[in-house]
>>> print(open('data-v2.cif').read())   # mmCIF, C-alpha atoms
data_run
#
loop_
_atom_site.label_atom_id
_atom_site.label_comp_id
_atom_site.auth_asym_id
_atom_site.auth_seq_id
_atom_site.Cartn_x
_atom_site.Cartn_y
_atom_site.Cartn_z
CA MET A 1 -38.91 -9.34 0.42
CA GLU A 2 -36.50 -11.42 2.48
CA ILE A 3 -38.38 -13.91 4.66
CA THR A 4 -35.94 -14.40 7.55
CA THR A 5 -38.48 -16.51 9.42
CA GLU A 6 -38.01 -19.15 6.70
CA SER A 7 -34.22 -18.92 6.51
CA ASP A 8 -32.07 -21.92 7.37
CA SER A 9 -31.26 -22.56 11.02
CA ASN A 10 -27.83 -21.74 12.42
CA HIS A 11 -27.83 -25.25 13.92
CA ASN A 12 -27.64 -28.56 12.10
CA ASP A 13 -27.61 -32.34 12.73
CA LEU A 14 -30.08 -31.75 15.56
CA GLU A 15 -31.06 -35.41 15.74
CA ASN A 16 -27.48 -36.29 16.67
CA LYS A 17 -27.11 -33.79 19.50
CA SER A 18 -27.33 -34.59 23.20
CA THR A 19 -30.19 -33.25 25.30
CA LEU A 20 -27.81 -30.75 26.88
CA ASP A 21 -26.59 -29.47 23.52
CA LEU A 22 -30.16 -29.13 22.25
CA LEU A 23 -31.18 -27.09 25.29
CA LYS A 24 -28.10 -24.88 25.09
CA GLY A 25 -28.72 -24.29 21.38
CA ILE A 26 -32.37 -23.33 21.90
CA ASN A 27 -31.44 -21.07 24.80
CA SER A 28 -28.69 -19.36 22.82
CA GLU A 29 -31.25 -18.42 20.17
CA ASP A 30 -33.87 -17.37 22.73
CA LEU A 31 -31.42 -14.95 24.35
CA THR A 32 -31.40 -12.86 21.16
CA VAL A 33 -35.15 -12.22 21.21
CA PRO A 34 -35.39 -9.45 23.86
CA ILE A 35 -32.61 -7.58 22.07
CA SER A 36 -34.60 -7.72 18.83
CA VAL A 37 -37.74 -6.54 20.61
CA GLY A 38 -35.81 -3.71 22.23
CA LYS A 39 -34.92 -2.34 18.81
CA CYS A 40 -38.65 -2.11 18.02
CA ILE A 41 -39.62 0.01 21.03
CA PRO A 42 -40.12 3.21 18.95
CA GLN A 43 -42.59 1.29 16.74
CA ILE A 44 -44.31 -0.26 19.76
CA GLU A 45 -44.61 3.17 21.39
CA LYS A 46 -46.64 4.49 18.46
CA VAL A 47 -49.02 1.54 18.62
CA VAL A 48 -49.48 1.89 22.40
CA ASP A 49 -50.36 5.57 22.07
CA ALA A 50 -52.80 4.90 19.23
CA VAL A 51 -54.50 2.01 21.06
CA PHE A 52 -54.75 4.09 24.23
CA GLU A 53 -56.53 6.87 22.36
CA LYS A 54 -59.15 4.42 21.08
CA LEU A 55 -59.71 2.61 24.38
CA ASN A 56 -59.75 5.84 26.36
CA LYS A 57 -62.73 6.91 24.25
CA GLY A 58 -64.58 3.62 24.76
CA GLY A 59 -63.26 1.71 21.75
CA ARG A 60 -61.91 -1.83 21.65
CA LEU A 61 -58.65 -3.57 20.73
CA PHE A 62 -58.80 -6.55 18.39
CA TYR A 63 -56.00 -9.03 17.79
CA ILE A 64 -56.32 -11.12 14.64
CA GLY A 65 -54.00 -13.92 13.52
CA SER A 66 -53.71 -17.58 12.61
CA GLY A 67 -51.96 -20.52 14.22
CA THR A 68 -49.48 -19.61 16.94
CA SER A 69 -49.92 -15.90 16.26
CA GLY A 70 -53.69 -16.13 16.66
CA ARG A 71 -53.36 -18.13 19.87
CA LEU A 72 -50.95 -15.58 21.33
CA GLY A 73 -53.47 -12.82 20.64
CA ILE A 74 -56.20 -14.81 22.37
CA VAL A 75 -53.98 -15.47 25.39
CA ASP A 76 -53.10 -11.80 25.78
CA ALA A 77 -56.72 -10.71 25.34
CA SER A 78 -58.05 -13.29 27.77
CA GLU A 79 -55.65 -12.15 30.50
CA CYS A 80 -56.71 -8.49 30.44
CA PRO A 81 -59.98 -8.85 32.40
CA PRO A 82 -58.54 -10.82 35.35
CA THR A 83 -55.34 -8.76 35.48
CA PHE A 84 -56.71 -5.27 34.97
CA GLY A 85 -60.42 -5.62 35.72
CA VAL A 86 -61.56 -4.42 32.29
CA PRO A 87 -64.79 -5.97 30.98
CA HIS A 88 -64.60 -8.92 28.63
CA GLY A 89 -64.92 -7.54 25.14
CA VAL A 90 -62.54 -4.60 25.56
CA VAL A 91 -59.63 -6.66 24.21
CA ILE A 92 -60.67 -9.41 21.80
CA GLY A 93 -58.59 -12.14 20.17
CA ILE A 94 -59.68 -13.64 16.84
CA ILE A 95 -58.05 -16.69 15.25
CA ALA A 96 -58.40 -18.09 11.74
CA GLY A 97 -60.64 -21.14 11.89
CA GLY A 98 -62.53 -19.96 14.96
CA ASP A 99 -62.33 -21.23 18.53
CA ALA A 100 -61.70 -24.82 17.35
CA ALA A 101 -58.34 -23.61 16.00
CA ILE A 102 -57.17 -22.66 19.50
CA ARG A 103 -56.52 -26.33 20.24
CA LYS A 104 -56.24 -27.92 16.80
CA ALA A 105 -55.02 -26.52 13.49
CA VAL A 106 -57.82 -25.91 10.97
CA GLU A 107 -56.64 -26.81 7.48
CA HIS A 108 -56.17 -23.84 5.11
CA ALA A 109 -57.99 -21.43 7.45
CA GLU A 110 -55.11 -18.96 7.16
CA ASP A 111 -55.33 -18.95 3.36
CA ASP A 112 -58.78 -17.30 3.18
CA THR A 113 -58.32 -13.61 2.35
CA GLN A 114 -61.98 -12.72 3.03
CA GLN A 115 -62.73 -14.47 6.33
CA GLY A 116 -60.67 -12.20 8.59
CA TRP A 117 -62.82 -9.17 7.81
CA LYS A 118 -65.99 -11.28 8.12
CA ASP A 119 -64.83 -12.37 11.57
CA LEU A 120 -64.28 -8.74 12.57
CA LEU A 121 -67.74 -7.79 11.28
CA ILE A 122 -69.30 -10.40 13.59
CA HIS A 123 -68.03 -8.24 16.46
CA GLY A 124 -69.40 -5.04 14.93
CA ILE A 125 -65.98 -3.58 14.15
CA SER A 126 -66.07 0.21 13.71
CA THR A 127 -63.83 3.24 13.42
CA ASP A 128 -63.94 3.48 17.23
CA ASP A 129 -61.81 0.33 17.43
CA PHE A 130 -58.18 -0.61 16.76
CA VAL A 131 -57.08 -3.84 15.05
CA ILE A 132 -53.65 -5.46 15.36
CA GLY A 133 -52.78 -8.15 12.84
CA ILE A 134 -50.27 -10.74 14.05
CA SER A 135 -48.24 -12.92 11.68
CA ALA A 136 -44.65 -14.12 12.00
CA SER A 137 -44.14 -14.06 8.23
CA GLY A 138 -46.06 -10.80 7.83
CA LYS A 139 -47.92 -12.17 4.82
CA THR A 140 -50.62 -14.52 6.14
CA PRO A 141 -53.57 -14.08 3.71
CA TYR A 142 -56.24 -14.21 6.46
CA VAL A 143 -54.56 -11.33 8.30
CA VAL A 144 -53.49 -9.37 5.22
CA GLY A 145 -57.05 -9.43 3.88
CA ALA A 146 -58.44 -8.23 7.22
CA LEU A 147 -55.99 -5.33 7.40
CA GLU A 148 -56.72 -4.31 3.82
CA LYS A 149 -60.42 -4.09 4.68
CA CYS A 150 -59.61 -2.14 7.83
CA ARG A 151 -57.80 0.47 5.74
CA GLU A 152 -60.67 0.57 3.22
CA ASN A 153 -63.13 1.20 6.05
CA GLN A 154 -61.01 3.72 8.01
CA VAL A 155 -60.47 1.33 10.93
CA GLN A 156 -57.06 2.11 12.42
CA CYS A 157 -54.77 -0.90 12.46
CA GLY A 158 -51.31 -2.11 13.36
CA ALA A 159 -49.23 -5.13 12.37
CA VAL A 160 -46.84 -7.31 14.35
CA SER A 161 -44.49 -9.48 12.28
CA CYS A 162 -41.01 -10.95 12.50
CA ASN A 163 -39.75 -9.93 9.07
CA SER A 164 -38.41 -6.60 7.86
CA ASN A 165 -40.61 -4.60 5.47
CA SER A 166 -43.48 -7.04 5.87
CA ILE A 167 -46.48 -7.01 3.57
CA MET A 168 -48.73 -6.43 6.58
CA GLY A 169 -46.55 -3.57 7.73
CA HIS A 170 -46.99 -1.77 4.41
CA ILE A 171 -50.78 -2.08 4.70
CA ALA A 172 -51.22 -1.15 8.36
CA ASP A 173 -51.21 2.35 9.81
CA PHE A 174 -48.55 1.24 12.29
CA ALA A 175 -45.97 -1.47 11.62
CA ILE A 176 -44.00 -3.40 14.22
CA ASP A 177 -41.56 -5.47 12.18
CA CYS A 178 -39.31 -7.37 14.57
CA PRO A 179 -36.96 -9.74 12.72
CA VAL A 180 -35.53 -12.33 15.09
CA GLY A 181 -33.45 -14.27 12.54
CA PRO A 182 -33.55 -17.98 11.75
CA GLU A 183 -35.40 -20.31 14.11
CA PHE A 184 -33.60 -23.15 15.92
CA ILE A 185 -35.67 -25.54 13.78
CA THR A 186 -35.93 -23.96 10.34
CA GLY A 187 -39.27 -22.22 9.93
CA SER A 188 -40.65 -23.18 13.36
CA THR A 189 -42.01 -19.74 14.19
CA ARG A 190 -43.69 -20.92 17.38
CA MET A 191 -40.20 -20.55 18.88
CA LYS A 192 -38.30 -17.22 18.64
CA SER A 193 -40.96 -15.48 16.58
CA GLY A 194 -43.68 -16.58 18.96
CA THR A 195 -41.65 -15.39 21.94
CA ALA A 196 -41.09 -11.99 20.32
CA GLN A 197 -44.77 -11.63 19.50
CA LYS A 198 -45.81 -12.49 23.06
CA LEU A 199 -43.37 -9.96 24.50
CA ILE A 200 -44.69 -7.26 22.16
CA LEU A 201 -48.37 -7.99 22.88
CA ASN A 202 -47.66 -7.97 26.63
CA MET A 203 -45.91 -4.62 26.24
CA ILE A 204 -48.84 -3.14 24.33
CA THR A 205 -51.67 -4.15 26.66
CA THR A 206 -49.70 -3.62 29.87
CA SER A 207 -48.67 -0.11 28.85
CA VAL A 208 -52.16 0.77 27.63
CA MET A 209 -53.79 -0.50 30.83
CA ILE A 210 -51.35 1.50 32.97
CA LYS A 211 -52.14 4.62 30.92
CA LEU A 212 -55.85 3.92 31.42
CA GLY A 213 -55.31 4.02 35.19
CA ARG A 214 -55.71 0.28 35.75
CA VAL A 215 -52.50 0.09 37.83
CA LYS A 216 -51.65 2.11 40.93
CA GLY A 217 -47.98 2.40 41.81
CA ASN A 218 -46.98 -1.02 40.55
CA LYS A 219 -50.03 -2.92 41.81
CA MET A 220 -52.95 -4.53 39.97
CA VAL A 221 -55.59 -2.75 42.03
CA ASP A 222 -58.44 -3.71 39.66
CA MET A 223 -57.59 -7.42 39.33
CA GLN A 224 -60.48 -9.87 39.59
CA LEU A 225 -60.55 -11.92 42.79
CA SER A 226 -60.93 -15.21 40.97
CA ASN A 227 -58.91 -17.46 43.30
CA ASN A 228 -57.39 -17.63 46.77
CA LYS A 229 -53.95 -16.56 45.52
CA LEU A 230 -55.36 -13.31 44.17
CA ILE A 231 -57.43 -12.70 47.30
CA ASP A 232 -54.26 -13.13 49.36
CA ARG A 233 -52.34 -10.80 47.03
CA GLY A 234 -55.07 -8.17 47.25
CA SER A 235 -55.18 -8.45 51.03
CA ARG A 236 -51.44 -7.85 51.22
CA MET A 237 -51.79 -4.75 49.05
CA ILE A 238 -54.35 -3.33 51.46
CA MET A 239 -52.24 -4.30 54.50
CA GLU A 240 -49.18 -2.52 53.07
CA LYS A 241 -51.16 0.62 52.34
CA SER A 242 -53.34 0.80 55.43
CA GLY A 243 -51.60 -1.03 58.28
CA LEU A 244 -54.65 -3.26 58.80
CA SER A 245 -54.24 -6.86 59.91
CA LYS A 246 -54.50 -9.61 57.31
CA ASP A 247 -57.99 -10.62 58.47
CA GLU A 248 -59.21 -7.02 58.46
CA ALA A 249 -57.74 -6.39 55.03
CA GLN A 250 -59.25 -9.56 53.57
CA GLN A 251 -62.70 -8.82 54.98
CA LEU A 252 -62.57 -5.32 53.53
CA LEU A 253 -61.38 -6.65 50.16
CA LEU A 254 -64.14 -9.24 49.90
CA LYS A 255 -66.76 -6.72 50.96
CA HIS A 256 -65.79 -4.16 48.31
CA GLY A 257 -64.72 -6.56 45.56
CA SER A 258 -61.40 -4.98 44.56
CA VAL A 259 -58.29 -3.45 46.04
CA ARG A 260 -59.17 -0.10 44.48
CA GLU A 261 -62.64 0.01 46.02
CA ALA A 262 -61.33 -1.11 49.42
CA LEU A 263 -58.70 1.63 49.39
CA ARG A 264 -61.29 4.15 48.22
CA PHE A 265 -63.45 3.22 51.23
CA LEU A 266 -60.42 3.89 53.43
CA GLY A 267 -59.81 7.22 51.70
CA MET A 268 -56.51 5.98 50.28
CA GLU A 269 -57.31 5.44 46.61
#
>>> encode(input="data-v2.cif", output="structure tokens")
Amino acid sequence: MEITTESDSNHNDLENKSTLDLLKGINSEDLTVPISVGKCIPQIEKVVDAVFEKLNKGGRLFYIGSGTSGRLGIVDASECPPTFGVPHGVVIGIIAGGDAAIRKAVEHAEDDTQQGWKDLLIHGISTDDFVIGISASGKTPYVVGALEKCRENQVQCGAVSCNSNSIMGHIADFAIDCPVGPEFITGSTRMKSGTAQKLILNMITTSVMIKLGRVKGNKMVDMQLSNNKLIDRGSRMIMEKSGLSKDEAQQLLLKHGSVREALRFLGME
């Protein structure tokens, strides 16, 4: 299997380049990422539909990965409750090495082929749930081992990698293999690969949440009112829909706790 994520950079003598040349070089590589992701849309579509089926029946979505990939899963999972108003625990991010690894790399955590499944068992993983393994190389032992156990236990799973014909992709029920080519710094998959993975995870959860009815029109009507910016945004949504003044809209929003509930009270939901 060709590991393009480890292939030599198209750029050399980086230490001798000016700041401007470095930035232009990084940007030139970054510009290729959305094109690569676009080619994977048919694969992403299948994952979205499968995840939606599970969540629509009360199941959960798990992301599991190590290093940058694990952190990206945690970021995407953590943003679902405030953005879409779903309970914590509907989308869960798991990283090799546990929560300590979010901030600091845990030595050899990604090399344990058994721990990924153990970490899923802590959350009571079942056939009602869907697991997405994330790994730039597509061969991280922690993730591969978890997906193998998912298949053994009839837990539906997907894989997001940045190499063609990845090992994970051959194990999972649904493969999203999105090769982005060599990194600007050889092997530094926190760069283009990380960007591709974040785009894909955003696409999955955003599409699933829309299909679950968590967006109305193009508005986050179930968002949590966790700061003044979001209260102001919610008030404007109600103003646009109802014609109420800003003060009236804000009072109604705070009374009912969400844009959806405020609009429902007005008979406009």
>>> residues_around(input="data-v2.cif", residues="Cys40 (chain A)", least_positions_apart="6", cutoff="8 Å", atoms="only C-alpha atoms", output="count of residues only")
3
>>> resolve_selection(input="data-v2.cif", expression="the PyMOL selection byres ((chain A and resi 181) around 7)", output="JSON, numbers by chain")
{"A": [4, 5, 179, 180, 182, 183]}
>>> axis_aligned_box(input="data-v2.cif", around="region 219-234 of chain A", padding_each_side="5 Å", output="AutoDock Vina command-line options")
--center_x -55.5 --center_y -10.2 --center_z 44.3 --size_x 20.9 --size_y 24.9 --size_z 20.0
>>> resolve_selection(input="data-v2.cif", expression="the PyMOL selection byres ((chain A and resi 81) around 12)", output="list in words")
Val75, Asp76, Ala77, Ser78, Glu79, Cys80, Pro82, Thr83, Phe84, Gly85, Val86, Pro87, His88, Gly89, Val90, Val91, Ile92, Thr205, Thr206, Met209, Arg214, Met220, Asp222, Met223, Gln224, Leu225 and Ser226 of chain A
>>> write_last_selection(input="data-v2.cif", atoms="C-alpha atoms", output="PDB file, in the frame of the given file")
ATOM      1  CA  VAL A  75     -53.980 -15.470  25.390  1.00  0.00           C
ATOM      2  CA  ASP A  76     -53.100 -11.800  25.780  1.00  0.00           C
ATOM      3  CA  ALA A  77     -56.720 -10.710  25.340  1.00  0.00           C
ATOM      4  CA  SER A  78     -58.050 -13.290  27.770  1.00  0.00           C
ATOM      5  CA  GLU A  79     -55.650 -12.150  30.500  1.00  0.00           C
ATOM      6  CA  CYS A  80     -56.710  -8.490  30.440  1.00  0.00           C
ATOM      7  CA  PRO A  82     -58.540 -10.820  35.350  1.00  0.00           C
ATOM      8  CA  THR A  83     -55.340  -8.760  35.480  1.00  0.00           C
ATOM      9  CA  PHE A  84     -56.710  -5.270  34.970  1.00  0.00           C
ATOM     10  CA  GLY A  85     -60.420  -5.620  35.720  1.00  0.00           C
ATOM     11  CA  VAL A  86     -61.560  -4.420  32.290  1.00  0.00           C
ATOM     12  CA  PRO A  87     -64.790  -5.970  30.980  1.00  0.00           C
ATOM     13  CA  HIS A  88     -64.600  -8.920  28.630  1.00  0.00           C
ATOM     14  CA  GLY A  89     -64.920  -7.540  25.140  1.00  0.00           C
ATOM     15  CA  VAL A  90     -62.540  -4.600  25.560  1.00  0.00           C
ATOM     16  CA  VAL A  91     -59.630  -6.660  24.210  1.00  0.00           C
ATOM     17  CA  ILE A  92     -60.670  -9.410  21.800  1.00  0.00           C
ATOM     18  CA  THR A 205     -51.670  -4.150  26.660  1.00  0.00           C
ATOM     19  CA  THR A 206     -49.700  -3.620  29.870  1.00  0.00           C
ATOM     20  CA  MET A 209     -53.790  -0.500  30.830  1.00  0.00           C
ATOM     21  CA  ARG A 214     -55.710   0.280  35.750  1.00  0.00           C
ATOM     22  CA  MET A 220     -52.950  -4.530  39.970  1.00  0.00           C
ATOM     23  CA  ASP A 222     -58.440  -3.710  39.660  1.00  0.00           C
ATOM     24  CA  MET A 223     -57.590  -7.420  39.330  1.00  0.00           C
ATOM     25  CA  GLN A 224     -60.480  -9.870  39.590  1.00  0.00           C
ATOM     26  CA  LEU A 225     -60.550 -11.920  42.790  1.00  0.00           C
ATOM     27  CA  SER A 226     -60.930 -15.210  40.970  1.00  0.00           C
TER      28      SER A 226
END
>>> closest_residue(input="data-v2.cif", among="A:His170, A:Arg71, A:Lys229, A:Arg236", to="Lys198 (chain A)", atoms="all atoms listed in the file")
A:Arg71
>>> closest_residue(input="data-v2.cif", among="A:Glu248, A:Asn10, A:Phe184, A:Gly67", to="Lys104 (chain A)", atoms="all atoms listed in the file")
A:Gly67
>>> atom_distance(input="data-v2.cif", atom1="CA of Asp247 (chain A)", atom2="CA of Asn228 (chain A)")
13.7 Å
>>> resolve_selection(input="data-v2.cif", expression="the PyMOL selection byres ((chain A and resi 102) around 12)", output="PyMOL selection string")
chain A and resi 65-75+93-101+103-106
>>> atom_distance(input="data-v2.cif", atom1="CA of Ser137 (chain A)", atom2="CA of Gly187 (chain A)")
9.7 Å
>>> residues_around(input="data-v2.cif", residues="Ile3 (chain A)", least_positions_apart="3", cutoff="8 Å", atoms="all atoms listed in the file", output="ChimeraX atom specification")
/A:6-7,137,163-164
>>> closest_residue(input="data-v2.cif", among="A:Phe130, A:Phe174, A:Phe265, A:Tyr142", to="Phe62 (chain A)", atoms="all atoms listed in the file")
A:Phe130
>>> atom_distance(input="data-v2.cif", atom1="CA of Thr32 (chain A)", atom2="CA of Met203 (chain A)")
17.4 Å
>>> residues_around(input="data-v2.cif", residues="Thr195 (chain A)", least_positions_apart="6", cutoff="10 Å", atoms="all atoms listed in the file", output="ChimeraX atom specification")
/A:30,33-34,37,72,180,189
>>> closest_residue(input="data-v2.cif", among="A:Ala146, A:Ile64, A:Ile238, A:Leu254", to="Gly133 (chain A)", atoms="all atoms listed in the file")
A:Ile64
>>> closest_residue(input="data-v2.cif", among="A:Leu266, A:Ile132, A:Glu110, A:Lys216", to="Ile44 (chain A)", atoms="all atoms listed in the file")
A:Ile132
>>> residues_around(input="data-v2.cif", residues="Gly59 (chain A)", least_positions_apart="3", cutoff="9 Å", atoms="only C-alpha atoms", output="ChimeraX atom specification")
/A:51,53-56,90,126-130
>>> write_last_selection(input="data-v2.cif", atoms="C-alpha atoms", output="short mmCIF file (atom, residue, chain, number, x, y, z; two decimals), in the frame of the given file")
data_model
loop_
_atom_site.label_atom_id
_atom_site.label_comp_id
_atom_site.auth_asym_id
_atom_site.auth_seq_id
_atom_site.Cartn_x
_atom_site.Cartn_y
_atom_site.Cartn_z
CA VAL A 51 -54.50 2.01 21.06
CA GLU A 53 -56.53 6.87 22.36
CA LYS A 54 -59.15 4.42 21.08
CA LEU A 55 -59.71 2.61 24.38
CA ASN A 56 -59.75 5.84 26.36
CA VAL A 90 -62.54 -4.60 25.56
CA SER A 126 -66.07 0.21 13.71
CA THR A 127 -63.83 3.24 13.42
CA ASP A 128 -63.94 3.48 17.23
CA ASP A 129 -61.81 0.33 17.43
CA PHE A 130 -58.18 -0.61 16.76
#
>>> build_atoms(input="data-v2.cif", residues="region 67-97 of chain A", atoms="N, CA and C atoms", output="CSV table (one decimal), in the coordinates of the input")
chain,number,residue,atom,x,y,z
A,67,GLY,N,-52.9,-19.6,13.6
A,67,GLY,CA,-52.0,-20.5,14.2
A,67,GLY,C,-51.4,-20.0,15.5
A,68,THR,N,-50.1,-20.1,15.7
A,68,THR,CA,-49.5,-19.6,16.9
A,68,THR,C,-49.8,-18.1,17.2
A,69,SER,N,-49.7,-17.3,16.1
A,69,SER,CA,-49.9,-15.9,16.3
A,69,SER,C,-51.3,-15.6,16.8
A,70,GLY,N,-52.3,-16.3,16.2
A,70,GLY,CA,-53.7,-16.1,16.7
A,70,GLY,C,-53.9,-16.6,18.1
A,71,ARG,N,-53.2,-17.7,18.5
A,71,ARG,CA,-53.4,-18.1,19.9
A,71,ARG,C,-52.7,-17.1,20.8
A,72,LEU,N,-51.6,-16.6,20.5
A,72,LEU,CA,-51.0,-15.6,21.3
A,72,LEU,C,-51.8,-14.4,21.5
A,73,GLY,N,-52.5,-13.9,20.5
A,73,GLY,CA,-53.5,-12.8,20.6
A,73,GLY,C,-54.6,-13.2,21.6
A,74,ILE,N,-55.1,-14.4,21.5
A,74,ILE,CA,-56.2,-14.8,22.4
A,74,ILE,C,-55.7,-14.9,23.8
A,75,VAL,N,-54.5,-15.4,24.0
A,75,VAL,CA,-54.0,-15.5,25.4
A,75,VAL,C,-53.9,-14.1,26.0
A,76,ASP,N,-53.3,-13.1,25.2
A,76,ASP,CA,-53.1,-11.8,25.8
A,76,ASP,C,-54.4,-11.1,26.1
A,77,ALA,N,-55.4,-11.3,25.2
A,77,ALA,CA,-56.7,-10.7,25.3
A,77,ALA,C,-57.4,-11.3,26.5
A,78,SER,N,-57.3,-12.6,26.7
A,78,SER,CA,-58.0,-13.3,27.8
A,78,SER,C,-57.5,-12.9,29.2
A,79,GLU,N,-56.3,-12.5,29.2
A,79,GLU,CA,-55.6,-12.2,30.5
A,79,GLU,C,-55.9,-10.7,30.9
A,80,CYS,N,-56.5,-9.9,30.1
A,80,CYS,CA,-56.7,-8.5,30.4
A,80,CYS,C,-57.8,-8.3,31.5
A,81,PRO,N,-59.0,-9.0,31.4
A,81,PRO,CA,-60.0,-8.8,32.4
A,81,PRO,C,-59.5,-9.3,33.8
A,82,PRO,N,-58.9,-10.5,34.0
A,82,PRO,CA,-58.5,-10.8,35.4
A,82,PRO,C,-57.4,-10.0,35.9
A,83,THR,N,-56.5,-9.5,35.0
A,83,THR,CA,-55.3,-8.8,35.5
A,83,THR,C,-55.7,-7.3,35.8
A,84,PHE,N,-56.5,-6.7,34.9
A,84,PHE,CA,-56.7,-5.3,35.0
A,84,PHE,C,-58.2,-4.9,35.3
A,85,GLY,N,-59.0,-5.9,35.4
A,85,GLY,CA,-60.4,-5.6,35.7
A,85,GLY,C,-61.2,-5.0,34.6
A,86,VAL,N,-60.7,-5.0,33.4
A,86,VAL,CA,-61.6,-4.4,32.3
A,86,VAL,C,-62.6,-5.5,31.9
A,87,PRO,N,-63.8,-5.0,31.4
A,87,PRO,CA,-64.8,-6.0,31.0
A,87,PRO,C,-64.3,-6.9,29.8
A,88,HIS,N,-64.8,-8.1,29.8
A,88,HIS,CA,-64.6,-8.9,28.6
A,88,HIS,C,-65.2,-8.2,27.4
A,89,GLY,N,-64.5,-8.2,26.3
A,89,GLY,CA,-64.9,-7.5,25.1
A,89,GLY,C,-64.2,-6.2,24.9
A,90,VAL,N,-63.4,-5.8,25.8
A,90,VAL,CA,-62.5,-4.6,25.6
A,90,VAL,C,-61.3,-5.0,24.7
A,91,VAL,N,-60.7,-6.1,25.0
A,91,VAL,CA,-59.6,-6.7,24.2
A,91,VAL,C,-60.1,-8.0,23.7
A,92,ILE,N,-60.1,-8.2,22.4
A,92,ILE,CA,-60.7,-9.4,21.8
A,92,ILE,C,-59.7,-10.1,20.9
A,93,GLY,N,-59.5,-11.4,21.0
A,93,GLY,CA,-58.6,-12.1,20.2
A,93,GLY,C,-59.4,-13.0,19.2
A,94,ILE,N,-59.0,-12.9,17.9
A,94,ILE,CA,-59.7,-13.6,16.8
A,94,ILE,C,-58.6,-14.5,16.1
A,95,ILE,N,-59.0,-15.8,15.9
A,95,ILE,CA,-58.0,-16.7,15.2
A,95,ILE,C,-58.7,-17.3,14.0
A,96,ALA,N,-57.9,-17.5,13.0
A,96,ALA,CA,-58.4,-18.1,11.7
A,96,ALA,C,-58.9,-19.5,12.1
A,97,GLY,N,-60.1,-19.8,11.6
A,97,GLY,CA,-60.6,-21.1,11.9
A,97,GLY,C,-61.5,-21.2,13.1
